[in-house]
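Shown below: structure.cif, with mmCIF, C-alpha atoms.
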data_model
loop_
_atom_site.label_atom_id
_atom_site.label_comp_id
_atom_site.auth_asym_id
_atom_site.auth_seq_id
_atom_site.Cartn_x
_atom_site.Cartn_y
_atom_site.Cartn_z
CA MET U 1 -29.24 -37.24 9.51
CA ASN U 2 -32.68 -35.76 10.27
CA LYS U 3 -32.41 -31.99 10.65
CA LYS U 4 -34.89 -31.92 13.52
CA SER U 5 -32.88 -34.52 15.41
CA ILE U 6 -29.84 -32.27 15.63
CA GLU U 7 -29.70 -30.53 18.98
CA VAL U 8 -28.37 -27.03 19.40
CA ALA U 9 -25.08 -27.17 21.30
CA ASN U 10 -25.88 -26.28 24.88
CA VAL U 11 -22.50 -24.92 25.98
CA SER U 12 -23.57 -23.03 29.06
CA CYS U 13 -27.24 -23.89 29.50
CA GLY U 14 -29.48 -21.13 30.86
CA HIS U 15 -29.70 -17.97 28.80
CA LEU U 16 -26.78 -18.45 26.41
CA ASP U 17 -29.00 -18.51 23.32
CA THR U 18 -30.69 -15.28 24.38
CA ILE U 19 -27.34 -13.59 24.96
CA LEU U 20 -25.91 -14.70 21.61
CA ASN U 21 -29.03 -13.52 19.81
CA CYS U 22 -28.54 -10.01 21.22
CA ILE U 23 -25.01 -9.36 19.94
CA ALA U 24 -24.19 -7.65 16.64
CA GLU U 25 -21.78 -10.33 15.41
CA GLY U 26 -22.96 -13.46 13.67
CA VAL U 27 -22.36 -16.63 15.68
CA PHE U 28 -22.77 -20.23 14.61
CA THR U 29 -21.60 -23.59 15.91
CA VAL U 30 -21.02 -26.86 14.09
CA ASP U 31 -20.66 -30.49 15.09
CA THR U 32 -17.74 -32.71 14.09
CA GLU U 33 -19.30 -33.26 10.66
CA LYS U 34 -19.48 -29.49 10.01
CA ARG U 35 -23.26 -29.43 10.31
CA ILE U 36 -24.59 -26.20 11.79
CA THR U 37 -26.03 -26.63 15.30
CA PHE U 38 -26.63 -23.00 16.26
CA PHE U 39 -27.25 -19.87 14.17
CA ASN U 40 -27.93 -16.54 15.90
CA ARG U 41 -30.03 -13.62 14.67
CA ALA U 42 -27.06 -11.57 13.48
CA ALA U 43 -25.97 -14.56 11.38
CA GLU U 44 -29.47 -14.59 9.88
CA ARG U 45 -29.25 -10.88 9.08
CA ILE U 46 -25.79 -11.07 7.47
CA THR U 47 -26.37 -14.24 5.41
CA GLY U 48 -30.09 -13.93 4.67
CA PHE U 49 -30.69 -17.53 5.82
CA SER U 50 -33.04 -18.17 8.71
CA SER U 51 -31.98 -20.29 11.65
CA GLU U 52 -34.43 -22.98 10.58
CA GLU U 53 -32.86 -23.08 7.11
CA ALA U 54 -29.29 -23.18 8.40
CA ILE U 55 -29.42 -25.63 11.31
CA GLY U 56 -28.62 -29.14 10.16
CA GLU U 57 -26.97 -28.00 6.93
CA TYR U 58 -23.27 -28.24 6.21
CA CYS U 59 -21.69 -24.84 6.83
CA ARG U 60 -20.16 -24.87 3.34
CA ASP U 61 -23.68 -24.91 1.86
CA ILE U 62 -24.72 -21.81 3.82
CA PHE U 63 -21.60 -19.65 3.53
CA ARG U 64 -20.35 -20.82 0.11
CA THR U 65 -16.89 -19.31 0.45
CA ALA U 66 -13.81 -20.17 -1.61
CA CYS U 67 -12.14 -21.26 1.64
CA CYS U 68 -14.51 -24.18 2.11
CA GLY U 69 -12.62 -27.44 1.66
CA THR U 70 -9.23 -25.82 1.00
CA CYS U 71 -8.47 -23.38 3.83
CA CYS U 72 -11.38 -23.91 6.23
CA THR U 73 -10.91 -21.82 9.36
CA LEU U 74 -12.47 -24.53 11.55
CA ASP U 75 -10.03 -27.13 10.19
CA GLU U 76 -7.16 -24.71 10.80
CA VAL U 77 -8.01 -24.05 14.46
CA GLU U 78 -8.46 -27.78 15.07
CA ARG U 79 -5.06 -28.58 13.54
CA SER U 80 -3.22 -25.78 15.34
CA ASP U 81 -5.23 -26.05 18.57
CA LYS U 82 -5.25 -22.25 18.61
CA SER U 83 -8.11 -19.84 18.16
CA LEU U 84 -8.17 -17.61 15.10
CA SER U 85 -9.37 -14.01 14.92
CA GLY U 86 -9.94 -11.29 12.36
CA ARG U 87 -9.46 -13.27 9.15
CA GLN U 88 -11.19 -11.63 6.20
CA VAL U 89 -13.33 -13.96 4.10
CA LYS U 90 -15.79 -13.36 1.26
CA ILE U 91 -19.06 -15.27 1.57
CA LEU U 92 -22.21 -15.39 -0.58
CA ASP U 93 -25.49 -14.43 1.07
CA ARG U 94 -28.81 -16.10 0.31
CA ASP U 95 -29.30 -13.90 -2.78
CA GLY U 96 -25.84 -14.62 -4.17
CA ASN U 97 -24.33 -11.25 -3.17
CA THR U 98 -20.71 -11.18 -2.05
CA VAL U 99 -20.24 -10.08 1.56
CA LEU U 100 -16.83 -9.40 3.13
CA VAL U 101 -16.77 -10.64 6.73
CA GLY U 102 -14.18 -10.73 9.49
CA VAL U 103 -14.09 -14.24 10.97
CA SER U 104 -12.92 -15.57 14.33
CA ALA U 105 -13.02 -19.28 15.15
CA ALA U 106 -12.27 -21.74 17.94
CA VAL U 107 -12.68 -25.45 18.67
CA LEU U 108 -15.46 -26.64 21.00
CA ARG U 109 -14.54 -29.42 23.45
CA ASP U 110 -16.50 -31.30 26.08
CA LYS U 111 -15.47 -31.45 29.73
CA ASN U 112 -13.04 -34.27 28.93
CA GLY U 113 -11.28 -32.26 26.23
CA VAL U 114 -12.76 -34.21 23.33
CA VAL U 115 -13.53 -32.13 20.24
CA ILE U 116 -17.28 -31.88 19.72
CA GLY U 117 -17.33 -29.22 17.02
CA GLY U 118 -16.41 -25.60 16.43
CA VAL U 119 -17.68 -22.07 16.85
CA GLU U 120 -17.27 -19.09 14.53
CA THR U 121 -18.15 -15.47 14.94
CA PHE U 122 -18.26 -13.14 11.96
CA ARG U 123 -19.06 -9.50 11.33
CA ASP U 124 -20.07 -7.69 8.17
CA MET U 125 -17.16 -5.50 7.08
CA THR U 126 -18.89 -3.97 4.05
CA ALA U 127 -19.46 -0.53 5.59
CA GLU U 128 -16.02 -0.46 7.22
CA THR U 129 -14.32 -1.44 3.97
CA ALA U 130 -16.30 1.15 2.00
CA LEU U 131 -15.26 3.83 4.52
CA ARG U 132 -11.61 2.81 4.32
CA LEU U 133 -11.68 2.81 0.53
CA GLN U 134 -13.34 6.23 0.52
CA VAL U 135 -10.68 7.63 2.85
CA GLU U 136 -7.93 6.12 0.69
CA LYS U 137 -9.60 7.49 -2.44
CA ASN U 138 -9.70 10.97 -0.94
CA TYR U 139 -5.98 10.80 -0.28
CA THR U 140 -4.80 8.91 -3.36
CA PHE U 141 -3.73 10.32 -6.70
CA GLN U 142 -3.05 7.46 -9.10
CA ASP U 143 -0.73 5.30 -6.95
CA ILE U 144 0.51 8.19 -4.78
CA ILE U 145 -0.91 8.19 -1.26
CA SER U 146 -0.78 11.25 0.98
CA ARG U 147 -2.91 13.46 3.18
CA ASP U 148 -0.19 16.11 3.43
CA PRO U 149 -1.37 19.61 2.37
CA VAL U 150 1.80 20.23 0.30
CA MET U 151 1.23 17.00 -1.61
CA HIS U 152 -2.42 17.87 -2.20
CA GLU U 153 -1.45 21.25 -3.63
CA MET U 154 0.67 19.27 -6.08
CA PHE U 155 -2.19 16.84 -6.81
CA ALA U 156 -4.40 19.81 -7.72
CA ILE U 157 -2.11 21.00 -10.53
CA LEU U 158 -1.02 17.61 -11.90
CA PRO U 159 -3.93 17.30 -14.38
CA ASP U 160 -2.94 20.64 -15.94
CA ILE U 161 0.71 19.58 -16.06
CA ALA U 162 -0.25 16.26 -17.63
CA GLU U 163 -2.21 17.97 -20.41
CA SER U 164 0.82 19.97 -21.53
CA SER U 165 3.90 18.72 -23.37
CA VAL U 166 6.55 20.82 -21.62
CA SER U 167 9.50 19.31 -19.79
CA VAL U 168 9.12 18.72 -16.05
CA LEU U 169 11.88 18.50 -13.45
CA ILE U 170 11.03 16.45 -10.35
CA GLU U 171 13.30 16.96 -7.35
CA GLY U 172 13.26 14.91 -4.17
CA ASP U 173 15.33 12.64 -1.95
CA SER U 174 15.82 9.00 -2.92
CA GLY U 175 12.75 6.93 -2.13
CA THR U 176 10.21 9.76 -2.19
CA GLY U 177 8.44 8.42 -5.28
CA LYS U 178 9.76 10.49 -8.17
CA GLU U 179 9.16 7.79 -10.78
CA LEU U 180 5.69 7.17 -9.34
CA LEU U 181 4.91 10.86 -9.83
CA ALA U 182 6.27 10.77 -13.38
CA ARG U 183 4.09 7.76 -14.20
CA ALA U 184 1.06 9.54 -12.74
CA ILE U 185 1.68 12.53 -15.04
CA HIS U 186 1.96 10.18 -18.02
CA ASN U 187 -1.09 8.09 -17.07
CA ILE U 188 -3.54 11.00 -16.78
CA GLY U 189 -2.34 12.87 -19.86
CA PRO U 190 -3.08 12.53 -23.58
CA ARG U 191 0.00 10.29 -24.05
CA LYS U 192 -1.27 7.58 -21.66
CA LYS U 193 -1.72 5.05 -24.49
CA GLU U 194 1.82 5.67 -25.72
CA PRO U 195 4.98 4.13 -24.17
CA PHE U 196 6.42 5.25 -20.83
CA ILE U 197 10.17 4.62 -20.99
CA ALA U 198 12.33 5.05 -17.87
CA VAL U 199 16.13 5.33 -17.77
CA ASN U 200 18.26 5.57 -14.64
CA CYS U 201 21.10 7.82 -15.75
CA ALA U 202 23.22 6.98 -12.69
CA SER U 203 23.23 3.22 -13.30
CA LEU U 204 25.24 3.22 -16.54
CA PRO U 205 28.69 4.55 -17.51
CA ASP U 206 28.65 7.47 -19.92
CA THR U 207 29.40 5.52 -23.12
CA LEU U 208 26.72 2.91 -22.44
CA LEU U 209 24.20 5.53 -21.43
CA GLU U 210 24.72 7.38 -24.72
CA SER U 211 24.01 4.27 -26.78
CA GLU U 212 21.10 3.40 -24.47
CA LEU U 213 19.48 6.80 -25.05
CA PHE U 214 20.20 7.33 -28.74
CA GLY U 215 20.74 3.80 -30.06
CA TYR U 216 23.37 2.82 -32.60
CA LYS U 217 23.84 1.59 -36.13
CA LYS U 218 25.46 -1.68 -37.17
CA GLY U 219 29.23 -1.32 -37.17
CA ALA U 220 29.27 1.80 -34.97
CA PHE U 221 31.67 -0.05 -32.66
CA THR U 222 33.15 -3.53 -32.34
CA ASP U 223 30.17 -5.31 -30.79
CA ALA U 224 27.51 -3.46 -32.80
CA LYS U 225 26.39 -6.45 -34.91
CA ASN U 226 22.93 -5.02 -35.63
CA ASP U 227 21.07 -1.75 -35.43
CA LYS U 228 19.59 -0.98 -32.01
CA SER U 229 16.91 1.59 -31.22
CA GLY U 230 17.58 3.94 -28.32
CA ARG U 231 15.18 4.97 -25.58
CA PHE U 232 14.30 8.23 -27.35
CA GLU U 233 13.14 6.26 -30.38
CA LEU U 234 11.34 3.62 -28.30
CA ALA U 235 9.43 6.32 -26.42
CA GLY U 236 7.95 7.50 -29.72
CA ASN U 237 5.08 9.87 -28.97
CA GLY U 238 5.04 8.83 -25.33
CA THR U 239 7.08 9.86 -22.32
CA LEU U 240 10.80 9.46 -21.61
CA PHE U 241 11.63 9.59 -17.90
CA LEU U 242 15.28 10.42 -17.16
CA ASP U 243 15.95 9.55 -13.53
CA GLU U 244 18.98 10.93 -11.68
CA ILE U 245 19.60 13.42 -14.49
CA GLY U 246 22.10 15.29 -12.32
CA ASP U 247 24.65 12.49 -12.75
CA ILE U 248 25.17 12.71 -16.53
CA SER U 249 28.49 13.92 -17.91
CA PRO U 250 29.05 17.33 -19.54
CA ALA U 251 29.45 15.68 -22.96
CA LEU U 252 26.11 13.91 -22.67
CA GLN U 253 24.51 17.11 -21.42
CA VAL U 254 25.39 18.71 -24.75
CA ARG U 255 23.75 15.90 -26.76
CA LEU U 256 20.65 15.98 -24.55
CA LEU U 257 20.36 19.75 -24.92
CA ARG U 258 20.35 19.38 -28.70
CA VAL U 259 17.49 16.87 -28.59
CA LEU U 260 15.45 19.21 -26.40
CA GLN U 261 16.14 22.18 -28.65
CA GLU U 262 15.85 20.62 -32.10
CA LYS U 263 13.70 17.52 -31.38
CA THR U 264 16.16 15.41 -33.39
CA PHE U 265 19.14 13.17 -32.65
CA GLU U 266 21.53 10.87 -34.47
CA PRO U 267 22.18 7.28 -33.34
CA LEU U 268 25.82 6.35 -32.77
CA GLY U 269 27.34 5.63 -36.18
CA GLY U 270 24.35 7.14 -37.96
CA THR U 271 24.29 10.00 -40.43
CA LYS U 272 20.58 10.73 -40.72
CA PRO U 273 18.78 12.61 -37.92
CA VAL U 274 15.87 10.90 -36.19
CA THR U 275 12.92 12.97 -35.00
CA SER U 276 11.90 12.68 -31.36
CA ASN U 277 8.42 13.65 -30.18
CA ALA U 278 8.76 12.17 -26.69
CA ARG U 279 7.88 14.28 -23.70
CA ILE U 280 10.79 14.60 -21.26
CA LEU U 281 10.28 14.16 -17.53
CA ALA U 282 13.51 14.34 -15.53
CA ALA U 283 14.21 13.65 -11.88
CA THR U 284 17.09 14.15 -9.48
CA ASN U 285 17.84 13.59 -5.81
CA LYS U 286 20.16 16.58 -5.88
CA LYS U 287 19.49 20.31 -5.95
CA LEU U 288 20.19 20.79 -9.63
CA LEU U 289 20.48 24.57 -9.37
CA SER U 290 23.40 24.17 -6.95
CA LYS U 291 25.13 21.99 -9.57
CA VAL U 292 24.57 24.79 -12.09
CA HIS U 293 26.22 27.25 -9.68
CA ASP U 294 29.26 25.02 -9.16
CA GLY U 295 29.61 24.50 -12.93
CA SER U 296 28.92 20.74 -13.04
CA PHE U 297 25.58 21.09 -14.83
CA ARG U 298 24.86 23.25 -17.88
CA GLU U 299 22.66 26.26 -17.14
CA ASP U 300 20.96 26.15 -20.55
CA LEU U 301 20.07 22.46 -20.11
CA TYR U 302 18.79 23.15 -16.61
CA TYR U 303 16.31 25.72 -17.87
CA ARG U 304 15.29 23.45 -20.75
CA LEU U 305 14.41 20.74 -18.23
CA ASN U 306 13.04 23.06 -15.59
CA VAL U 307 10.05 24.47 -17.45
CA LEU U 308 7.94 23.12 -14.60
CA ARG U 309 9.48 21.98 -11.34
CA LEU U 310 7.88 19.68 -8.76
CA GLU U 311 9.48 19.01 -5.40
CA LEU U 312 8.61 15.92 -3.37
CA PRO U 313 9.04 16.45 0.39
CA PRO U 314 10.83 13.75 2.41
CA LEU U 315 8.68 11.42 4.49
CA ALA U 316 10.08 13.00 7.67
CA ASP U 317 8.28 16.22 6.67
CA ARG U 318 4.93 14.47 6.27
CA MET U 319 4.83 11.97 9.12
CA GLY U 320 1.04 12.09 9.10
CA ASP U 321 1.28 9.89 5.99
CA VAL U 322 3.08 7.08 7.84
CA PRO U 323 -0.07 5.34 9.23
CA LEU U 324 -1.78 5.70 5.85
CA LEU U 325 1.21 4.20 4.03
CA ILE U 326 1.54 1.38 6.56
CA GLU U 327 -2.10 0.45 5.99
CA HIS U 328 -1.55 0.62 2.22
CA PHE U 329 1.52 -1.64 2.36
CA ARG U 330 -0.25 -4.04 4.75
CA ASN U 331 -3.14 -4.51 2.32
CA MET U 332 -0.80 -4.75 -0.67
CA LEU U 333 1.49 -7.32 0.96
CA ASN U 334 -1.45 -9.36 2.26
CA ALA U 335 -2.64 -9.67 -1.34
CA GLU U 336 0.86 -10.48 -2.65
CA THR U 337 1.77 -13.04 0.01
CA SER U 338 -1.70 -14.53 0.71
CA LYS U 339 -1.11 -13.79 4.38
CA ASN U 340 -3.73 -12.26 6.65
CA ILE U 341 -1.84 -9.80 8.84
CA GLU U 342 -4.54 -7.72 10.47
CA ALA U 343 -2.69 -4.88 12.15
CA VAL U 344 0.53 -3.32 13.36
CA ASP U 345 1.16 -3.35 17.10
CA ASP U 346 0.86 0.01 18.90
CA GLU U 347 4.52 -0.16 19.96
CA VAL U 348 5.60 -0.67 16.34
CA MET U 349 3.48 2.27 15.24
CA ASP U 350 5.04 4.41 17.98
CA LEU U 351 8.56 3.44 16.88
CA LEU U 352 7.85 4.13 13.22
CA MET U 353 6.36 7.52 14.11
CA GLN U 354 9.65 8.36 15.88
CA TYR U 355 11.85 7.28 12.97
CA ASP U 356 13.09 9.88 10.46
CA PHE U 357 13.15 7.53 7.42
CA PRO U 358 16.35 8.52 5.59
CA GLY U 359 15.25 6.10 2.83
CA ASN U 360 11.78 7.67 2.75
CA ILE U 361 8.78 5.71 1.44
CA ARG U 362 10.95 3.02 -0.14
CA GLU U 363 12.50 2.35 3.27
CA LEU U 364 9.08 2.11 4.93
CA GLU U 365 8.00 -0.39 2.27
CA ASN U 366 11.17 -2.42 2.88
CA ILE U 367 10.49 -2.42 6.63
CA MET U 368 6.97 -3.74 6.03
CA GLN U 369 8.27 -6.42 3.64
CA HIS U 370 10.83 -7.50 6.26
CA ALA U 371 8.10 -7.69 8.91
CA PHE U 372 5.82 -9.73 6.64
CA VAL U 373 8.55 -12.31 6.08
CA LEU U 374 9.08 -12.82 9.83
CA CYS U 375 5.53 -12.42 11.10
CA ARG U 376 3.70 -15.72 11.57
CA ASP U 377 0.90 -14.20 13.62
CA SER U 378 -1.82 -11.74 12.71
CA VAL U 379 -0.14 -8.65 14.21
CA ILE U 380 3.27 -7.18 13.33
CA GLN U 381 5.28 -6.72 16.53
CA ARG U 382 8.58 -5.06 17.40
CA LYS U 383 10.48 -8.35 17.04
CA HIS U 384 9.48 -8.46 13.36
CA LEU U 385 11.22 -5.16 12.55
CA PRO U 386 14.79 -5.04 11.17
CA ARG U 387 17.32 -5.34 14.01
CA ASP U 388 19.14 -2.13 13.16
CA LEU U 389 15.84 -0.27 13.43
CA GLN U 390 15.03 -1.90 16.78
CA SER U 391 18.46 -0.94 18.11
CA LYS U 392 17.87 2.74 17.36
CA PHE U 393 15.16 2.77 20.02
CA SER U 394 16.76 0.57 22.64
CA ASP U 395 17.50 3.52 24.95
CA ASP U 396 15.16 6.11 26.39
CA ASP U 397 15.73 9.27 24.40
CA SER U 398 13.74 12.22 25.68
CA SER U 399 14.35 14.35 22.58
CA LYS U 400 12.96 11.58 20.39
CA ALA U 401 10.00 11.25 22.72
CA VAL U 402 9.17 14.94 22.34
CA SER U 403 9.52 14.73 18.57
CA MET U 404 7.41 11.59 18.50
CA THR U 405 4.70 13.26 20.60
CA ASP U 406 4.38 16.15 18.15
CA ARG U 407 4.33 13.83 15.15
CA GLU U 408 1.84 11.43 16.70
CA LYS U 409 -0.50 14.23 17.73
CA LYS U 410 -0.37 15.67 14.20
CA ALA U 411 -1.02 12.24 12.66
CA ILE U 412 -4.07 11.68 14.90
CA GLN U 413 -5.49 15.12 14.14
CA GLU U 414 -5.02 14.70 10.39
CA THR U 415 -6.54 11.22 10.38
CA LEU U 416 -9.53 12.37 12.43
CA ARG U 417 -10.18 15.10 9.86
CA ALA U 418 -9.78 12.59 7.03
CA CYS U 419 -12.34 10.29 8.66
CA ASN U 420 -14.81 13.10 9.48
CA ASN U 421 -14.09 12.65 13.21
CA ASN U 422 -15.21 9.01 13.13
CA ARG U 423 -12.99 7.59 15.86
CA THR U 424 -13.55 3.94 14.92
CA ALA U 425 -12.47 4.62 11.35
CA THR U 426 -9.57 6.75 12.59
CA ALA U 427 -8.28 3.95 14.83
CA LYS U 428 -8.55 1.51 11.92
CA MET U 429 -6.65 3.84 9.59
CA LEU U 430 -3.93 4.41 12.21
CA GLY U 431 -3.67 0.67 12.87
CA ILE U 432 -4.37 0.97 16.60
CA ASN U 433 -7.16 -0.13 18.92
CA PRO U 434 -10.01 2.37 19.52
CA SER U 435 -9.20 2.34 23.25
CA THR U 436 -5.60 3.33 22.45
CA LEU U 437 -6.86 6.15 20.25
CA TYR U 438 -9.16 7.47 23.01
CA ARG U 439 -6.27 7.35 25.50
CA LYS U 440 -3.94 9.26 23.16
CA MET U 441 -6.62 11.83 22.34
CA LYS U 442 -7.07 12.46 26.04
CA LEU U 443 -3.28 12.63 26.56
CA TYR U 444 -2.82 15.16 23.74
CA LYS U 445 -6.05 17.02 24.59
CA ILE U 446 -7.50 16.45 21.14
CA LYS U 447 -11.20 17.22 21.05
#
Target encoding structure tokens, full file:
Amino acid sequence: MNKKSIEVANVSCGHLDTILNCIAEGVFTVDTEKRITFFNRAAERITGFSSEEAIGEYCRDIFRTACCGTCCTLDEVERSDKSLSGRQVKILDRDGNTVLVGVSAAVLRDKNGVVIGGVETFRDMTAETALRLQVEKNYTFQDIISRDPVMHEMFAILPDIAESSVSVLIEGDSGTGKELLARAIHNIGPRKKEPFIAVNCASLPDTLLESELFGYKKGAFTDAKNDKSGRFELAGNGTLFLDEIGDISPALQVRLLRVLQEKTFEPLGGTKPVTSNARILAATNKKLLSKVHDGSFREDLYYRLNVLRLELPPLADRMGDVPLLIEHFRNMLNAETSKNIEAVDDEVMDLLMQYDFPGNIRELENIMQHAFVLCRDSVIQRKHLPRDLQSKFSDDDSSKAVSMTDREKKAIQETLRACNNNRTATAKMLGINPSTLYRKMKLYKIK
């Protein structure tokens, strides 16, 4: 087909070309063979190809994206007979540089409803993505995400803690990220190339836990057919993380105390001591000092473990992190599931900002995973949330509304500060439309 013989699709006659050349988003149309029939100025700017170079060419030869031929957006909208918006796609510009764009597409039909081609709009998301990554970087320590001042005070001292070899006790409710914090300490310290070994002390009965920690020699008991190394030995010069340390028995507390004091232990059935150079990080979802006071935990072991103590606040005490975490889980789950869920509905965000999260961050992650399974659209809505969570907000509760107002106002203020008062970036980080953000700022009198 001669390039010059291809006519630009005249959808509305008149001044349509002029209008489309004035907008900031790239716009192009194709015929039924996927040859480009219109290419506006923004498309020229984003791709580096001129209109003369693009018109008449197959769109795959201009955009050169991995989606071409396998998951073409124009094919998808034609099959589904539905428009598509906000899908993120990486294209190559004229110079071979990768450009991340947000794509929307629809089918073009004539007055009789016959398909005559397709139209796509796309916008360069490079600056927006860089801003989001910078905001996340400012509020991320290793894999821990927070903008809460208490958490950032902790972030500030973690490098010093990581450099030392003393025992650390991490306290916090279930689901607050105690193991994540322990891994962060290991990963930024001098032992980062050595093993990180984790043991959940509450998941095993006392006899099994003892053999799991210290190992055993052949013949130590009936089923001991061969020698087995324990977690202390496997940790070597690395880090041993003892989760739920408050649940171990008094007898095991004595053995653990000896290892901390003498740096040696004996496997079950063994007679020769084994040296341990592992650093001990322990965690508990209980107030360990209260267990010392009631006599269920040894005081001397407590102080051996509690050389440094870190306390992770529950998510209910740092609700400003909820939008940040939702955005983090959305991006993570999009990558894991190959879905393209673009946002969380404002109503969903409101409900989650009212919720007190007894399961903390782990529960929020579970809620997002549940929503991803059910969501077939691009936006997570209330119907995609777990039913028991939906039922908690079925009635109008004024006390919850007041609490939610305070939390939402705080979240908006903190996110605005994080984004240097850029309202577009703030709305993106909160997962709401800019117009919704402006309305809420006016409602809460946020300047």
Inset, instruction - Point out the residue among U:Arg87, U:Lys228, U:Arg439, U:Arg94 with the least atom-to-atom distance to Ala54 of chain U, counting only C-alpha atoms. - result: U:Arg94
Inset, instruction - May I have the residues at most 12 Å from (6.7, -14.3, 5.6) in the file's coordinates, counting only C-alpha atoms, as an MDAnalysis selection string? - result: chainID U and resid 333:334 336:341 368:378 380 384
Preceding selection exported with C-alpha atoms as a PDB file, in the coordinates of the input:
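Result saved to out_3.pdb:
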ATOM      1  CA  LEU U 333       1.490  -7.320   0.960  1.00  0.00           C
ATOM      2  CA  ASN U 334      -1.450  -9.360   2.260  1.00  0.00           C
ATOM      3  CA  GLU U 336       0.860 -10.480  -2.650  1.00  0.00           C
ATOM      4  CA  THR U 337       1.770 -13.040   0.010  1.00  0.00           C
ATOM      5  CA  SER U 338      -1.700 -14.530   0.710  1.00  0.00           C
ATOM      6  CA  LYS U 339      -1.110 -13.790   4.380  1.00  0.00           C
ATOM      7  CA  ASN U 340      -3.730 -12.260   6.650  1.00  0.00           C
ATOM      8  CA  ILE U 341      -1.840  -9.800   8.840  1.00  0.00           C
ATOM      9  CA  MET U 368       6.970  -3.740   6.030  1.00  0.00           C
ATOM     10  CA  GLN U 369       8.270  -6.420   3.640  1.00  0.00           C
ATOM     11  CA  HIS U 370      10.830  -7.500   6.260  1.00  0.00           C
ATOM     12  CA  ALA U 371       8.100  -7.690   8.910  1.00  0.00           C
ATOM     13  CA  PHE U 372       5.820  -9.730   6.640  1.00  0.00           C
ATOM     14  CA  VAL U 373       8.550 -12.310   6.080  1.00  0.00           C
ATOM     15  CA  LEU U 374       9.080 -12.820   9.830  1.00  0.00           C
ATOM     16  CA  CYS U 375       5.530 -12.420  11.100  1.00  0.00           C
ATOM     17  CA  ARG U 376       3.700 -15.720  11.570  1.00  0.00           C
ATOM     18  CA  ASP U 377       0.900 -14.200  13.620  1.00  0.00           C
ATOM     19  CA  SER U 378      -1.820 -11.740  12.710  1.00  0.00           C
ATOM     20  CA  ILE U 380       3.270  -7.180  13.330  1.00  0.00           C
ATOM     21  CA  HIS U 384       9.480  -8.460  13.360  1.00  0.00           C
TER      22      HIS U 384
END
Legend entry - Residues matched by the PyMOL selection byres ((chain U and resi 364) around 10) as a PyMOL selection string: chain U and resi 175+315+322+325-326+329+352+355+357-363+365-370
Just the residues within 7 Å of segment 165-169 of chain U, please, counting all atoms listed in the file, with nothing from its chain fewer than 6 positions along; format it as a PDB file with C-alpha atoms, in the coordinates of the input.
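As a result, out02.pdb now contains:
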ATOM      1  CA  ARG U 279       7.880  14.280 -23.700  1.00  0.00           C
ATOM      2  CA  ILE U 280      10.790  14.600 -21.260  1.00  0.00           C
ATOM      3  CA  LEU U 281      10.280  14.160 -17.530  1.00  0.00           C
ATOM      4  CA  ALA U 282      13.510  14.340 -15.530  1.00  0.00           C
ATOM      5  CA  ALA U 283      14.210  13.650 -11.880  1.00  0.00           C
ATOM      6  CA  LEU U 305      14.410  20.740 -18.230  1.00  0.00           C
ATOM      7  CA  ASN U 306      13.040  23.060 -15.590  1.00  0.00           C
ATOM      8  CA  VAL U 307      10.050  24.470 -17.450  1.00  0.00           C
ATOM      9  CA  LEU U 308       7.940  23.120 -14.600  1.00  0.00           C
ATOM     10  CA  ARG U 309       9.480  21.980 -11.340  1.00  0.00           C
ATOM     11  CA  LEU U 310       7.880  19.680  -8.760  1.00  0.00           C
TER      12      LEU U 310
END
Could you list, as an mmCIF file with C-alpha atoms, in the coordinates of the input, every residue within 7 Å of Met429 of chain U, counting only C-alpha atoms and ignoring same-chain residues fewer than 4 positions away?
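For reference, part22.cif as written:
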data_model
loop_
_atom_site.group_PDB
_atom_site.id
_atom_site.type_symbol
_atom_site.label_atom_id
_atom_site.label_comp_id
_atom_site.auth_asym_id
_atom_site.auth_seq_id
_atom_site.Cartn_x
_atom_site.Cartn_y
_atom_site.Cartn_z
ATOM 1 C CA PRO U 323 -0.070 5.340 9.230
ATOM 2 C CA LEU U 324 -1.780 5.700 5.850
ATOM 3 C CA GLU U 327 -2.100 0.450 5.990
ATOM 4 C CA ALA U 425 -12.470 4.620 11.350
#
Write a file for segment 233-251 of chain U of the given structure; include C-alpha atoms and format it as a PDB file, in the first residue's frame.
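Output below, filename result_35.pdb:
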ATOM      1  CA  GLU U 233      25.174 -24.199  63.717  1.00  0.00           C
ATOM      2  CA  LEU U 234      23.570 -23.413  60.352  1.00  0.00           C
ATOM      3  CA  ALA U 235      23.590 -19.695  61.151  1.00  0.00           C
ATOM      4  CA  GLY U 236      27.372 -19.831  61.491  1.00  0.00           C
ATOM      5  CA  ASN U 237      28.709 -16.283  61.557  1.00  0.00           C
ATOM      6  CA  GLY U 238      25.384 -14.900  60.373  1.00  0.00           C
ATOM      7  CA  THR U 239      22.153 -14.053  62.148  1.00  0.00           C
ATOM      8  CA  LEU U 240      19.708 -16.285  64.023  1.00  0.00           C
ATOM      9  CA  PHE U 241      16.220 -14.792  64.288  1.00  0.00           C
ATOM     10  CA  LEU U 242      14.104 -16.279  67.088  1.00  0.00           C
ATOM     11  CA  ASP U 243      10.502 -15.275  66.470  1.00  0.00           C
ATOM     12  CA  GLU U 244       7.880 -15.480  69.233  1.00  0.00           C
ATOM     13  CA  ILE U 245      10.610 -15.983  71.831  1.00  0.00           C
ATOM     14  CA  GLY U 246       8.101 -15.401  74.625  1.00  0.00           C
ATOM     15  CA  ASP U 247       6.537 -18.829  73.998  1.00  0.00           C
ATOM     16  CA  ILE U 248       9.543 -21.034  74.833  1.00  0.00           C
ATOM     17  CA  SER U 249       9.465 -23.225  77.930  1.00  0.00           C
ATOM     18  CA  PRO U 250      11.471 -22.555  81.113  1.00  0.00           C
ATOM     19  CA  ALA U 251      13.737 -25.543  80.362  1.00  0.00           C
TER      20      ALA U 251
END
